[in-house]
file upload_33.csv (CSV, C-alpha atoms)
chain,number,residue,atom,x,y,z
A,5,MET,CA,1.0,-25.1,-38.1
A,6,THR,CA,2.5,-24.7,-41.6
A,7,ASP,CA,1.3,-22.5,-44.5
A,8,LYS,CA,1.8,-25.4,-46.9
A,9,ASN,CA,-1.4,-26.7,-48.5
A,10,GLN,CA,-2.5,-30.2,-47.3
A,11,CYS,CA,-4.7,-32.4,-49.4
A,12,THR,CA,-5.7,-35.3,-47.2
A,13,LEU,CA,-7.4,-38.6,-48.1
A,14,GLY,CA,-9.4,-39.9,-45.2
A,15,ILE,CA,-10.4,-43.5,-44.7
A,16,GLU,CA,-12.9,-44.7,-42.1
A,17,THR,CA,-13.6,-48.5,-41.5
A,18,SER,CA,-14.1,-48.7,-37.8
A,19,CYS,CA,-17.4,-50.5,-37.8
A,20,ASP,CA,-20.1,-51.0,-40.5
A,21,GLU,CA,-19.6,-48.1,-42.8
A,22,THR,CA,-16.9,-48.0,-45.4
A,23,ALA,CA,-16.1,-44.3,-46.1
A,24,VAL,CA,-13.5,-42.2,-47.9
A,25,ALA,CA,-13.2,-38.4,-48.2
A,26,ILE,CA,-10.7,-35.7,-49.4
A,27,TYR,CA,-10.2,-32.6,-47.4
A,28,ASP,CA,-8.1,-29.7,-48.6
A,29,SER,CA,-6.7,-27.3,-46.1
A,30,ARG,CA,-7.5,-24.3,-48.3
A,31,ALA,CA,-10.5,-25.4,-50.4
A,32,GLY,CA,-12.2,-27.5,-47.6
A,33,LEU,CA,-14.1,-30.7,-48.2
A,34,LEU,CA,-13.8,-31.7,-51.8
A,35,ALA,CA,-15.7,-34.9,-51.9
A,36,HIS,CA,-16.8,-37.9,-49.7
A,37,GLU,CA,-18.3,-41.3,-50.2
A,38,VAL,CA,-20.0,-43.7,-47.7
A,39,TYR,CA,-21.1,-47.3,-48.2
A,40,SER,CA,-23.3,-48.6,-45.5
A,41,GLN,CA,-23.3,-52.3,-44.5
A,42,ILE,CA,-26.8,-52.2,-43.0
A,43,ALA,CA,-28.3,-54.6,-45.5
A,44,LEU,CA,-25.4,-57.0,-44.9
A,45,HIS,CA,-25.9,-57.1,-41.1
A,46,ALA,CA,-29.7,-56.7,-40.9
A,47,PRO,CA,-30.5,-60.5,-41.0
A,48,TYR,CA,-28.3,-61.0,-37.9
A,49,GLY,CA,-29.8,-58.1,-35.9
A,50,GLY,CA,-26.4,-56.4,-35.4
A,51,VAL,CA,-22.9,-56.0,-36.7
A,52,VAL,CA,-21.0,-59.3,-37.4
A,53,PRO,CA,-17.3,-58.2,-37.1
A,54,GLU,CA,-15.9,-60.8,-39.6
A,55,LEU,CA,-18.5,-59.9,-42.3
A,56,ALA,CA,-17.7,-56.2,-41.7
A,57,SER,CA,-14.0,-56.7,-42.2
A,58,ARG,CA,-14.4,-58.7,-45.4
A,59,ASP,CA,-16.8,-56.1,-46.9
A,60,HIS,CA,-14.4,-53.3,-46.1
A,61,ILE,CA,-11.7,-55.2,-48.1
A,62,ARG,CA,-14.1,-55.4,-51.1
A,63,LYS,CA,-15.3,-51.8,-50.9
A,64,THR,CA,-12.5,-49.5,-49.8
A,65,LEU,CA,-10.3,-49.2,-53.0
A,66,PRO,CA,-13.3,-49.0,-55.4
A,67,LEU,CA,-14.6,-46.1,-53.2
A,68,VAL,CA,-11.2,-44.4,-53.3
A,69,ARG,CA,-11.3,-44.6,-57.2
A,70,SER,CA,-14.8,-43.3,-57.3
A,71,LEU,CA,-13.8,-40.5,-54.9
A,72,LEU,CA,-10.9,-39.4,-57.0
A,73,GLU,CA,-13.0,-39.4,-60.1
A,74,LYS,CA,-15.7,-37.3,-58.4
A,75,SER,CA,-13.2,-34.8,-57.1
A,76,LYS,CA,-11.3,-34.7,-60.5
A,77,LEU,CA,-8.0,-35.6,-58.7
A,78,ALA,CA,-5.3,-38.1,-59.2
A,79,LEU,CA,-3.7,-40.1,-56.4
A,80,THR,CA,-0.5,-38.0,-57.0
A,81,ASP,CA,-2.5,-34.9,-55.9
A,82,ILE,CA,-2.9,-36.4,-52.4
A,83,THR,CA,-0.3,-35.0,-50.0
A,84,GLY,CA,-1.3,-37.0,-46.9
A,85,ILE,CA,-3.5,-39.9,-45.7
A,86,ALA,CA,-5.6,-40.1,-42.6
A,87,TYR,CA,-7.1,-43.4,-41.4
A,88,THR,CA,-9.2,-44.4,-38.4
A,89,ALA,CA,-7.0,-46.5,-36.1
A,90,GLY,CA,-9.4,-46.8,-33.2
A,91,PRO,CA,-11.5,-47.3,-31.2
A,92,GLY,CA,-13.6,-49.8,-33.1
A,93,LEU,CA,-13.6,-53.4,-34.4
A,94,VAL,CA,-10.0,-54.4,-34.7
A,95,GLY,CA,-10.4,-56.4,-37.9
A,96,ALA,CA,-12.4,-53.6,-39.6
A,97,LEU,CA,-9.9,-51.0,-38.4
A,98,LEU,CA,-7.0,-53.0,-39.8
A,99,VAL,CA,-8.4,-52.9,-43.3
A,100,GLY,CA,-8.4,-49.1,-43.4
A,101,ALA,CA,-5.1,-48.8,-41.6
A,102,ALA,CA,-3.4,-51.3,-44.0
A,103,ILE,CA,-4.8,-49.6,-47.1
A,104,GLY,CA,-4.1,-46.1,-45.9
A,105,ARG,CA,-0.6,-46.8,-44.7
A,106,SER,CA,0.3,-48.8,-47.9
A,107,LEU,CA,-1.0,-46.0,-50.1
A,108,ALA,CA,1.1,-43.5,-48.2
A,109,PHE,CA,4.2,-45.7,-48.4
A,110,ALA,CA,3.8,-46.1,-52.2
A,111,LEU,CA,3.1,-42.4,-52.8
A,112,LYS,CA,5.9,-41.4,-50.4
A,113,ILE,CA,3.6,-39.1,-48.4
A,114,PRO,CA,2.9,-38.9,-44.7
A,115,ALA,CA,0.1,-40.9,-43.0
A,116,ILE,CA,-1.6,-40.2,-39.7
A,117,ALA,CA,-3.7,-42.5,-37.4
A,118,VAL,CA,-6.9,-40.7,-36.3
A,119,HIS,CA,-9.0,-41.3,-33.2
A,120,HIS,CA,-12.5,-42.1,-34.3
A,121,MET,CA,-14.1,-40.0,-31.5
A,122,GLU,CA,-11.8,-37.1,-32.2
A,123,GLY,CA,-13.3,-37.2,-35.7
A,124,HIS,CA,-16.8,-37.0,-34.4
A,125,LEU,CA,-15.8,-34.3,-32.0
A,126,LEU,CA,-14.4,-32.1,-34.8
A,127,ALA,CA,-17.1,-32.9,-37.3
A,128,PRO,CA,-18.9,-29.5,-36.7
A,129,MET,CA,-15.7,-27.9,-38.1
A,130,LEU,CA,-16.9,-29.0,-41.5
A,131,GLU,CA,-19.9,-26.6,-41.4
A,132,ALA,CA,-20.1,-23.1,-42.8
A,133,GLU,CA,-20.2,-21.6,-39.3
A,134,PRO,CA,-18.0,-23.8,-37.1
A,135,PRO,CA,-17.7,-23.3,-33.3
A,136,THR,CA,-14.6,-21.6,-31.9
A,137,PHE,CA,-12.5,-23.1,-29.1
A,138,PRO,CA,-13.1,-23.6,-26.3
A,139,PHE,CA,-16.4,-25.5,-26.3
A,140,LEU,CA,-18.3,-28.3,-24.6
A,141,ALA,CA,-18.9,-31.4,-26.6
A,142,LEU,CA,-21.5,-34.1,-26.0
A,143,LEU,CA,-20.4,-37.2,-27.9
A,144,VAL,CA,-23.3,-39.6,-28.2
A,145,SER,CA,-22.9,-42.7,-30.3
A,146,GLY,CA,-23.5,-46.5,-30.3
A,147,GLY,CA,-20.3,-47.1,-28.2
A,148,HIS,CA,-19.7,-43.8,-26.4
A,149,THR,CA,-21.5,-41.2,-24.3
A,150,GLN,CA,-19.1,-38.5,-23.1
A,151,LEU,CA,-19.1,-34.9,-22.1
A,152,VAL,CA,-15.7,-33.3,-23.2
A,153,GLN,CA,-14.2,-29.9,-22.7
A,154,VAL,CA,-12.4,-29.0,-25.9
A,155,ASP,CA,-9.8,-26.3,-25.7
A,156,GLY,CA,-8.2,-27.1,-29.1
A,157,VAL,CA,-7.3,-30.0,-31.4
A,158,GLY,CA,-5.9,-32.7,-29.1
A,159,ARG,CA,-6.7,-30.7,-26.0
A,160,TYR,CA,-9.5,-32.6,-24.5
A,161,THR,CA,-10.8,-33.1,-20.9
A,162,VAL,CA,-13.4,-35.8,-20.3
A,163,LEU,CA,-15.8,-34.4,-17.8
A,164,GLY,CA,-18.2,-37.4,-17.7
A,165,GLU,CA,-18.9,-40.6,-19.5
A,166,SER,CA,-21.2,-43.6,-19.4
A,167,LEU,CA,-20.6,-46.2,-16.7
A,168,ASP,CA,-22.4,-49.0,-18.6
A,169,ASP,CA,-24.4,-48.8,-21.9
A,170,ALA,CA,-23.8,-45.8,-24.1
A,171,ALA,CA,-26.9,-43.9,-25.2
A,172,GLY,CA,-26.8,-45.3,-28.7
A,173,GLU,CA,-26.3,-48.9,-27.4
A,174,ALA,CA,-29.4,-48.4,-25.1
A,175,PHE,CA,-31.4,-47.2,-28.1
A,176,ASP,CA,-30.4,-50.3,-30.1
A,177,LYS,CA,-31.1,-52.8,-27.3
A,178,THR,CA,-34.4,-51.2,-26.4
A,179,ALA,CA,-35.4,-51.3,-30.1
A,180,LYS,CA,-34.6,-55.0,-30.2
A,181,MET,CA,-36.8,-55.6,-27.2
A,182,LEU,CA,-39.6,-53.9,-29.0
A,183,GLY,CA,-39.1,-56.1,-32.0
A,184,LEU,CA,-37.8,-53.4,-34.3
A,185,PRO,CA,-35.3,-54.1,-37.1
A,186,TYR,CA,-31.6,-53.2,-37.3
A,187,PRO,CA,-30.4,-50.5,-37.0
A,188,GLY,CA,-32.5,-50.0,-33.9
A,189,GLY,CA,-32.0,-46.3,-33.0
A,190,PRO,CA,-33.7,-44.8,-36.1
A,191,ALA,CA,-36.4,-47.4,-36.0
A,192,LEU,CA,-37.2,-46.6,-32.4
A,193,ALA,CA,-37.4,-42.9,-33.1
A,194,LYS,CA,-39.8,-43.6,-36.0
A,195,LEU,CA,-42.1,-45.7,-33.7
A,196,ALA,CA,-41.9,-43.0,-31.0
A,197,GLN,CA,-43.8,-40.6,-33.4
A,198,GLN,CA,-46.9,-42.8,-33.0
A,199,GLY,CA,-46.6,-42.9,-29.2
A,200,ASN,CA,-48.5,-41.0,-26.4
A,201,PRO,CA,-45.8,-39.1,-24.5
A,202,ALA,CA,-48.0,-38.7,-21.5
A,203,ARG,CA,-48.7,-42.4,-20.8
A,204,PHE,CA,-45.4,-43.5,-19.3
A,205,VAL,CA,-42.8,-41.6,-17.4
A,206,PHE,CA,-39.4,-43.2,-17.4
A,207,PRO,CA,-36.6,-42.3,-14.9
A,208,ARG,CA,-33.8,-39.9,-15.7
A,209,PRO,CA,-30.8,-42.0,-14.6
A,210,MET,CA,-28.1,-40.5,-12.3
A,211,THR,CA,-29.6,-37.0,-12.4
A,212,ASP,CA,-30.5,-37.1,-8.7
A,213,ARG,CA,-26.9,-37.1,-7.7
A,214,PRO,CA,-23.9,-34.8,-8.4
A,215,GLY,CA,-21.5,-35.5,-11.3
A,216,LEU,CA,-21.5,-35.7,-15.0
A,217,ASP,CA,-21.4,-39.5,-15.6
A,218,PHE,CA,-24.1,-41.4,-17.4
A,219,SER,CA,-25.9,-44.7,-16.9
A,220,PHE,CA,-28.5,-46.1,-19.4
A,221,SER,CA,-28.5,-49.8,-18.5
A,222,GLY,CA,-31.3,-49.3,-15.9
A,223,LEU,CA,-33.4,-47.3,-18.3
A,224,LYS,CA,-33.2,-50.2,-20.7
A,225,THR,CA,-34.4,-52.6,-17.9
A,226,PHE,CA,-37.2,-50.2,-17.0
A,227,ALA,CA,-38.4,-50.3,-20.7
A,228,LEU,CA,-38.3,-54.2,-20.6
A,229,THR,CA,-40.3,-54.3,-17.4
A,230,THR,CA,-42.9,-51.9,-18.8
A,231,LEU,CA,-43.2,-53.9,-22.0
A,232,LYS,CA,-43.8,-57.2,-20.1
A,233,GLU,CA,-46.5,-55.5,-17.9
A,234,HIS,CA,-48.3,-54.3,-21.1
A,235,ALA,CA,-47.6,-57.3,-23.4
A,236,ASP,CA,-51.2,-57.5,-24.5
A,237,ASP,CA,-51.5,-53.9,-25.5
A,238,PRO,CA,-50.4,-53.2,-29.1
A,239,GLN,CA,-50.2,-49.5,-28.5
A,240,ALA,CA,-47.8,-50.0,-25.6
A,241,ARG,CA,-44.7,-50.4,-27.9
A,242,ALA,CA,-45.0,-47.0,-29.4
A,243,ASP,CA,-45.8,-45.4,-26.0
A,244,ILE,CA,-42.7,-47.1,-24.5
A,245,ALA,CA,-40.6,-45.9,-27.4
A,246,VAL,CA,-41.5,-42.3,-26.9
A,247,ALA,CA,-41.1,-42.5,-23.1
A,248,PHE,CA,-37.7,-44.0,-23.6
A,249,GLU,CA,-36.6,-41.4,-26.2
A,250,ILE,CA,-37.8,-38.5,-24.0
A,251,ALA,CA,-36.0,-39.9,-20.9
A,252,VAL,CA,-32.7,-40.2,-22.8
A,253,ALA,CA,-33.0,-36.7,-24.3
A,254,GLU,CA,-33.9,-35.2,-20.9
A,255,THR,CA,-31.1,-37.0,-19.1
A,256,LEU,CA,-28.5,-35.8,-21.7
A,257,ALA,CA,-29.9,-32.2,-21.5
A,258,ILE,CA,-29.7,-32.2,-17.6
A,259,LYS,CA,-26.1,-33.3,-17.8
A,260,CYS,CA,-25.3,-30.8,-20.5
A,261,ARG,CA,-26.8,-28.0,-18.4
A,262,ARG,CA,-24.8,-29.1,-15.4
A,263,ALA,CA,-21.5,-29.2,-17.4
A,264,MET,CA,-22.1,-25.8,-19.0
A,265,GLU,CA,-22.8,-24.3,-15.6
A,266,GLN,CA,-19.7,-26.0,-14.1
A,267,THR,CA,-17.3,-24.9,-16.9
A,268,GLY,CA,-18.9,-21.6,-17.8
A,269,LEU,CA,-18.7,-22.5,-21.5
A,270,GLN,CA,-21.4,-21.1,-23.7
A,271,ARG,CA,-20.8,-23.2,-26.9
A,272,LEU,CA,-22.2,-26.7,-27.0
A,273,VAL,CA,-21.3,-29.2,-29.8
A,274,ILE,CA,-23.4,-32.3,-30.3
A,275,ALA,CA,-21.6,-35.1,-32.2
A,276,GLY,CA,-22.1,-38.8,-32.9
A,277,GLY,CA,-24.9,-40.9,-34.4
A,278,VAL,CA,-27.4,-40.2,-31.6
A,279,GLY,CA,-26.9,-36.5,-32.4
A,280,ALA,CA,-29.1,-37.0,-35.4
A,281,ASN,CA,-32.1,-37.8,-33.2
A,282,GLN,CA,-34.6,-35.0,-33.7
A,283,ARG,CA,-36.1,-35.1,-30.2
A,284,LEU,CA,-32.6,-34.7,-28.7
A,285,ARG,CA,-31.8,-31.8,-31.0
A,286,GLN,CA,-35.0,-30.0,-30.1
A,287,ARG,CA,-34.4,-30.5,-26.3
A,288,LEU,CA,-30.8,-29.2,-26.5
A,289,THR,CA,-31.8,-26.3,-28.7
A,290,GLN,CA,-34.3,-25.4,-26.0
A,291,LEU,CA,-31.5,-25.7,-23.4
A,292,ALA,CA,-29.2,-23.4,-25.4
A,293,GLU,CA,-32.0,-20.8,-25.6
A,294,GLN,CA,-32.6,-20.9,-21.9
A,295,LEU,CA,-28.9,-20.5,-21.1
A,296,LYS,CA,-28.4,-17.9,-23.9
A,297,ALA,CA,-25.8,-20.3,-25.3
A,298,GLN,CA,-25.0,-21.5,-28.8
A,299,VAL,CA,-25.5,-25.2,-29.9
A,300,TYR,CA,-23.8,-26.7,-33.0
A,301,TYR,CA,-24.6,-29.9,-34.9
A,302,PRO,CA,-22.9,-31.5,-37.8
A,303,ARG,CA,-25.3,-32.1,-40.7
A,304,PRO,CA,-27.0,-35.5,-40.3
A,305,GLU,CA,-24.7,-37.3,-42.8
A,306,PHE,CA,-21.7,-36.3,-40.6
A,307,CYS,CA,-23.3,-37.5,-37.4
A,308,THR,CA,-23.0,-41.1,-38.4
A,309,ASP,CA,-19.6,-42.6,-39.2
A,310,ASN,CA,-18.0,-40.9,-42.2
A,311,ALA,CA,-14.5,-40.1,-43.6
A,312,ALA,CA,-15.0,-36.4,-44.0
A,313,MET,CA,-14.4,-36.0,-40.2
A,314,ILE,CA,-11.4,-38.3,-40.3
A,315,ALA,CA,-9.9,-36.4,-43.3
A,316,TYR,CA,-10.4,-33.1,-41.4
A,317,ALA,CA,-8.9,-34.3,-38.1
A,318,GLY,CA,-6.0,-35.9,-39.9
A,319,CYS,CA,-5.4,-32.8,-42.0
A,320,GLN,CA,-5.0,-30.7,-38.8
A,321,ARG,CA,-2.4,-33.1,-37.4
A,322,LEU,CA,-0.5,-33.4,-40.7
A,323,LEU,CA,-0.4,-29.6,-40.9
A,324,ALA,CA,1.2,-29.6,-37.5
A,325,GLY,CA,3.9,-32.0,-38.7
A,326,GLN,CA,2.6,-35.1,-37.0
A,327,HIS,CA,2.7,-38.4,-38.9
A,328,GLU,CA,3.0,-42.2,-38.3
A,329,ALA,CA,6.0,-44.5,-38.8
A,330,ALA,CA,5.9,-47.2,-41.4
A,331,ALA,CA,4.3,-49.7,-38.9
A,332,PHE,CA,0.6,-49.3,-38.2
A,333,HIS,CA,-1.6,-50.3,-35.3
A,334,ALA,CA,-5.3,-50.7,-34.7
A,335,ARG,CA,-6.8,-50.2,-31.2
A,336,ALA,CA,-10.2,-51.5,-30.0
A,337,ARG,CA,-9.8,-49.1,-27.0
A,338,TRP,CA,-8.0,-45.8,-27.2
A,339,PRO,CA,-8.4,-43.1,-24.5
A,340,MET,CA,-8.6,-39.6,-25.9
A,341,SER,CA,-6.3,-38.5,-23.1
A,342,GLU,CA,-3.4,-40.2,-24.9
A,343,LEU,CA,-3.8,-37.9,-28.0
A,344,PRO,CA,-1.0,-35.3,-28.4
A,345,ALA,CA,-2.1,-31.6,-28.7
A,346,VAL,CA,-1.8,-29.7,-32.0

call {"tool": "encode", "arguments": {"input": "upload_33.csv", "output": "structure tokens"}}
result
Amino acid sequence: MTDKNQCTLGIETSCDETAVAIYDSRAGLLAHEVYSQIALHAPYGGVVPELASRDHIRKTLPLVRSLLEKSKLALTDITGIAYTAGPGLVGALLVGAAIGRSLAFALKIPAIAVHHMEGHLLAPMLEAEPPTFPFLALLVSGGHTQLVQVDGVGRYTVLGESLDDAAGEAFDKTAKMLGLPYPGGPALAKLAQQGNPARFVFPRPMTDRPGLDFSFSGLKTFALTTLKEHADDPQARADIAVAFEIAVAETLAIKCRRAMEQTGLQRLVIAGGVGANQRLRQRLTQLAEQLKAQVYYPRPEFCTDNAAMIAYAGCQRLLAGQHEAAAFHARARWPMSELPAV
């Protein structure tokens, strides 16, 4: 690490949020902006990659200008640029990568490609009381469900991951079965508030065998079967929603307990969009109390895709002297094991 101050512009365009942020290594997060494409994709019931890419093209530079005005900075005050290079939708990633790398080239400053999930994993570092290394991280999003041992920036060991649908993906697909609008996860959680949690008991997948991997595909199928069996009951939708939500939260809690006991770690970080789910937060808070451990959450706005986490992660790597060549790449898949340590 260097003592030199680093003022990093972060750009996030991996899916359906266009986001920018400025993180200063001394002053912290200066400003961030997020533009959501929910209204654009809602008529299709999910993200349309081509529409997402085109909207990122329209929104990214205006958001950068707004961000600079909000933070009272000029482009020349930026000393490094971090952009999400994967995993995600390749077309969407290429927009942020092209803009970020081009700005860095024009300003003659370094640029760094950031792993989207590393951003989520380090998002709690933006809080007033961040966790210290090492810690256990549960990454739960639309595309990923992973348990990761974090020994430092870039020092990650994946202990378990989903073998099929990620938790967030299962939330969205189950919500669609229940006739709920996009985005499905928050809509299902809202419907679950009207449900009777004692009516249905859903399975806790892969908790009856050793290991830390996840599987949510069967849980989704169980929800569909239950829905068909009670198709004439209007209350069944809410009761299925709450049973599904409880099953996911309990499954994640069981695996987190197992991972904490296996590693001996007493700090648990929850990151990713599903980390905003209140039932999951309550269950994991209970777990932490039982184990006399500490649990850390990013604020809700930093659970979903954002550029603050990208700017932070990129800043740490730029401070360590890491940067990209003039060429840039976007990667739909990108194992975290390939990331260099800081």

call {"tool": "residues_around", "arguments": {"input": "upload_33.csv", "residues": "stretch 143-150 of chain A", "least_positions_apart": "6", "cutoff": "9 Å", "atoms": "only C-alpha atoms", "output": "count of residues only"}}
result
30

call {"tool": "residues_around", "arguments": {"input": "upload_33.csv", "residues": "stretch 323-336 of chain A", "least_positions_apart": "3", "cutoff": "7 Å", "atoms": "only C-alpha atoms", "output": "list in words"}}
result
Met5, Thr6, Gln10, Ala89, Gly90, Pro91, Gly92, Leu93, Val94, Leu97, Leu98, Ala101, Pro114, Ala115, Ile116, Ala117, Cys319, Gln320 and Val346 of chain A

call {"tool": "atom_distance", "arguments": {"input": "upload_33.csv", "atom1": "atom CA of A:Glu122", "atom2": "atom CA of A:Ile26"}}
result
17.3 Å

call {"tool": "atom_distance", "arguments": {"input": "upload_33.csv", "atom1": "atom CA of A:Pro201", "atom2": "atom CA of A:Ala247"}}
result
6.0 Å

call {"tool": "closest_residue", "arguments": {"input": "upload_33.csv", "among": "A:Asp59, A:Gln153, A:Lys180, A:Thr80", "to": "A:Met264", "atoms": "only C-alpha atoms"}}
result
A:Gln153

call {"tool": "atom_distance", "arguments": {"input": "upload_33.csv", "atom1": "atom CA of A:Asp243", "atom2": "atom CA of A:Asp168"}}
result
24.8 Å

call {"tool": "residues_near_point", "arguments": {"input": "upload_33.csv", "point": "(-21.5, -52.2, -37.7)", "cutoff": "8 Å", "atoms": "all atoms listed in the file", "output": "count of residues only"}}
result
11
